[in-house]
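See below for the structure under consideration.
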Amino acid sequence: MSADITDPSPKTVLFVDGEVKMYEPKIDRVTQYKTGKNRAEVESFLVLGFGGRGHDLLKPYDVKYIGKEMIDGVETAQLELVPKSEKARGQFSQILLWIDGKTGVSVQQKLLQPSGDYRLAKYSKILINQKLPDGAFKLKTTPKTTYLTPQG
């Protein structure tokens, strides 16, 4: 999985082989996180709403259909997900997904933390079943890029 984030500051997040890498071009730094025993949990959050089967959500989440809503001109089905795992609820108490009815892909996500803070992600220019260019899953860094691997 690869995602380019533009706001509030540009970064690229890449998840490959059980490792999350986040490149921040403004400070020319890559932060690498090894997921280790938490790989499945990390992967489930990163790919939420992208390519999974709907009934696969029922194992880790209590799922509720909220209704239809237009998001940026796309008719979506809004779903509320509440993690069943106490550990996962410690990270996100609730997740809202807006799924494009035609493609089955998430166009917006809101991940709410127990503190009340949240992360809102909007996705656009989604291409499905396209040939990926060489290097699609490689970070575009500079020769001076620094690498940081937090412990713990």
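Labels for the structure tokens follow display order: chains A, B, ..., residues from 1 in each chain, ligands from 1.
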Using only C-alpha atoms, determine which residues lie at most 12 Å from Val20 in chain A, disregarding the query and same-chain residues fewer than 4 positions distant; provide the list as a PyMOL selection string. chain A and resi 1-3+12-16+30-36+38-39+42-43+46+137-139+148-150
Just list as number ranges by chain whatever in chain A DSSP marks as strand (DSSP E or B). A: 2-5, 11-16, 19-24, 29-34, 61-71, 74-83, 94-100, 106-112, 118-122, 146-148
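One finds CA of Glu80 in chain A at 5.9 Å from CA of Ile95 in chain A.
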Polymer residues at most 10 Å from Met70 in chain A, only C-alpha atoms, same-chain spacing of 6 or more positions, as a PyMOL selection string: chain A and resi 76-78+98+100
Taking all heavy atoms for each residue, export the selection above as a CSV table (one decimal), in the first residue's frame.
```
chain,number,residue,atom,x,y,z
A,76,THR,N,-22.3,7.7,-1.7
A,76,THR,CA,-21.6,6.7,-0.9
A,76,THR,C,-22.6,6.1,0.1
A,76,THR,O,-23.6,6.7,0.4
A,76,THR,CB,-20.5,7.4,-0.1
A,76,THR,OG1,-21.0,8.3,0.8
A,76,THR,CG2,-19.5,8.0,-1.1
A,77,ALA,N,-22.2,4.9,0.6
A,77,ALA,CA,-22.8,4.3,1.8
A,77,ALA,C,-21.9,4.6,3.0
A,77,ALA,O,-20.7,4.3,2.9
A,77,ALA,CB,-23.0,2.8,1.5
A,78,GLN,N,-22.5,5.2,4.0
A,78,GLN,CA,-21.7,5.5,5.2
A,78,GLN,C,-21.8,4.3,6.2
A,78,GLN,O,-22.9,3.9,6.5
A,78,GLN,CB,-22.1,6.8,5.9
A,78,GLN,CG,-21.3,7.1,7.0
A,78,GLN,CD,-21.7,8.4,7.8
A,78,GLN,OE1,-22.8,8.9,7.5
A,78,GLN,NE2,-20.9,8.9,8.7
A,98,TRP,N,-16.9,6.0,4.2
A,98,TRP,CA,-17.9,6.4,3.1
A,98,TRP,C,-17.4,5.6,1.9
A,98,TRP,O,-16.3,5.9,1.3
A,98,TRP,CB,-17.8,7.9,2.8
A,98,TRP,CG,-18.5,8.7,3.9
A,98,TRP,CD1,-19.8,9.2,3.9
A,98,TRP,CD2,-17.9,9.1,5.2
A,98,TRP,NE1,-20.0,9.9,5.1
A,98,TRP,CE2,-18.9,9.9,5.8
A,98,TRP,CE3,-16.6,9.0,5.8
A,98,TRP,CZ2,-18.6,10.5,7.1
A,98,TRP,CZ3,-16.4,9.6,7.0
A,98,TRP,CH2,-17.4,10.3,7.6
A,100,ASP,N,-17.8,4.2,-2.0
A,100,ASP,CA,-18.4,4.5,-3.3
A,100,ASP,C,-19.3,3.3,-3.7
A,100,ASP,O,-18.8,2.2,-3.7
A,100,ASP,CB,-17.3,4.7,-4.3
A,100,ASP,CG,-17.8,5.0,-5.7
A,100,ASP,OD1,-18.9,4.6,-6.1
A,100,ASP,OD2,-17.0,5.7,-6.4
```
Mind dumping a table of every range 61-80 of chain A residue within 9 Å of range 103-127 of chain A, with the nearest atom pair and its distance in Å to one decimal, using only C-alpha atoms, sorted by chain and rising number, as CSV?
```
residue,atom,partner,partner_atom,distance
A:Ile71,CA,A:Val107,CA,7.6
A:Asp72,CA,A:Val107,CA,8.9
A:Val74,CA,A:Val107,CA,8.4
A:Thr76,CA,A:Val107,CA,8.1
```
Grab the residues selected above and save them as a short mmCIF file (atom, residue, chain, number, x, y, z; two decimals), in the first residue's frame with N, CA and C atoms.
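Result file follows (part.cif):
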```cif
data_model
loop_
_atom_site.label_atom_id
_atom_site.label_comp_id
_atom_site.auth_asym_id
_atom_site.auth_seq_id
_atom_site.Cartn_x
_atom_site.Cartn_y
_atom_site.Cartn_z
N ILE A 71 -20.47 12.53 -1.24
CA ILE A 71 -19.15 13.04 -0.89
C ILE A 71 -18.46 13.44 -2.19
N ASP A 72 -18.22 14.75 -2.35
CA ASP A 72 -17.56 15.26 -3.55
C ASP A 72 -18.19 14.74 -4.83
N VAL A 74 -19.95 12.02 -5.26
CA VAL A 74 -20.03 10.57 -5.33
C VAL A 74 -21.04 10.07 -4.30
N THR A 76 -22.32 7.69 -1.74
CA THR A 76 -21.63 6.70 -0.90
C THR A 76 -22.58 6.09 0.11
#
```
For the helix (DSSP H, G or I) assignment from backbone DSSP, which residues of chain A qualify? Please present them as a short mmCIF file (atom, residue, chain, number, x, y, z; two decimals) with C-alpha atoms, in the first residue's frame.
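out-v4.cif, written as the output of this step:
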```cif
data_model
loop_
_atom_site.label_atom_id
_atom_site.label_comp_id
_atom_site.auth_asym_id
_atom_site.auth_seq_id
_atom_site.Cartn_x
_atom_site.Cartn_y
_atom_site.Cartn_z
CA GLY A 36 6.40 -7.26 14.01
CA LYS A 37 3.68 -9.13 15.90
CA ASN A 38 1.24 -6.24 15.24
CA ARG A 39 1.43 -6.65 11.45
CA ALA A 40 -2.15 -7.91 10.99
CA GLU A 41 -3.58 -5.08 13.11
CA VAL A 42 -1.56 -2.39 11.31
CA GLU A 43 -2.46 -3.84 7.93
CA SER A 44 -6.16 -3.92 8.81
CA PHE A 45 -6.13 -0.15 9.54
CA LEU A 46 -4.03 0.78 6.50
CA GLY A 54 -17.41 -6.31 3.21
CA HIS A 55 -18.16 -9.38 5.30
CA ASP A 56 -14.47 -9.51 6.34
CA LEU A 57 -15.18 -6.38 8.43
CA LEU A 58 -17.56 -8.32 10.66
CA GLU A 86 -10.14 -3.57 23.45
CA LYS A 87 -6.58 -2.96 22.26
CA ALA A 88 -7.83 -1.61 18.91
CA ARG A 89 -10.47 0.55 20.66
CA GLY A 90 -7.62 2.09 22.64
CA GLN A 91 -6.33 3.44 19.33
#
```
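Picture a line from CA of Pro8 in chain A to CA of Lys26 in chain A; it runs 11.8 Å.
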From CA of Thr145 in chain A to CA of Met22 in chain A the spacing works out at 11.9 Å
If you count only C-alpha atoms, which residues fall within 10 Å of Thr142 in chain A, apart from same-chain ones fewer than 4 positions away, as a PDB file with N, CA, C and O atoms, in the first residue's frame?
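Saved file selection_7.pdb follows:
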```
ATOM      1  N   PRO A  25       9.213  14.932   2.837  1.00  0.00           N
ATOM      2  CA  PRO A  25      10.175  15.637   1.982  1.00  0.00           C
ATOM      3  C   PRO A  25      10.649  16.982   2.534  1.00  0.00           C
ATOM      4  O   PRO A  25      11.789  17.365   2.305  1.00  0.00           O
ATOM      5  N   ASP A  28      13.226  15.975   4.710  1.00  0.00           N
ATOM      6  CA  ASP A  28      14.022  14.955   4.021  1.00  0.00           C
ATOM      7  C   ASP A  28      14.373  13.800   4.969  1.00  0.00           C
ATOM      8  O   ASP A  28      15.530  13.445   5.144  1.00  0.00           O
ATOM      9  N   ARG A  29      13.288  13.215   5.563  1.00  0.00           N
ATOM     10  CA  ARG A  29      13.493  12.133   6.529  1.00  0.00           C
ATOM     11  C   ARG A  29      12.506  11.003   6.281  1.00  0.00           C
ATOM     12  O   ARG A  29      11.333  11.235   5.985  1.00  0.00           O
ATOM     13  N   THR A 146      17.670  11.365   5.640  1.00  0.00           N
ATOM     14  CA  THR A 146      18.045  10.673   6.885  1.00  0.00           C
ATOM     15  C   THR A 146      16.978   9.630   7.198  1.00  0.00           C
ATOM     16  O   THR A 146      15.811   9.790   6.805  1.00  0.00           O
TER      17      THR A 146
END
```
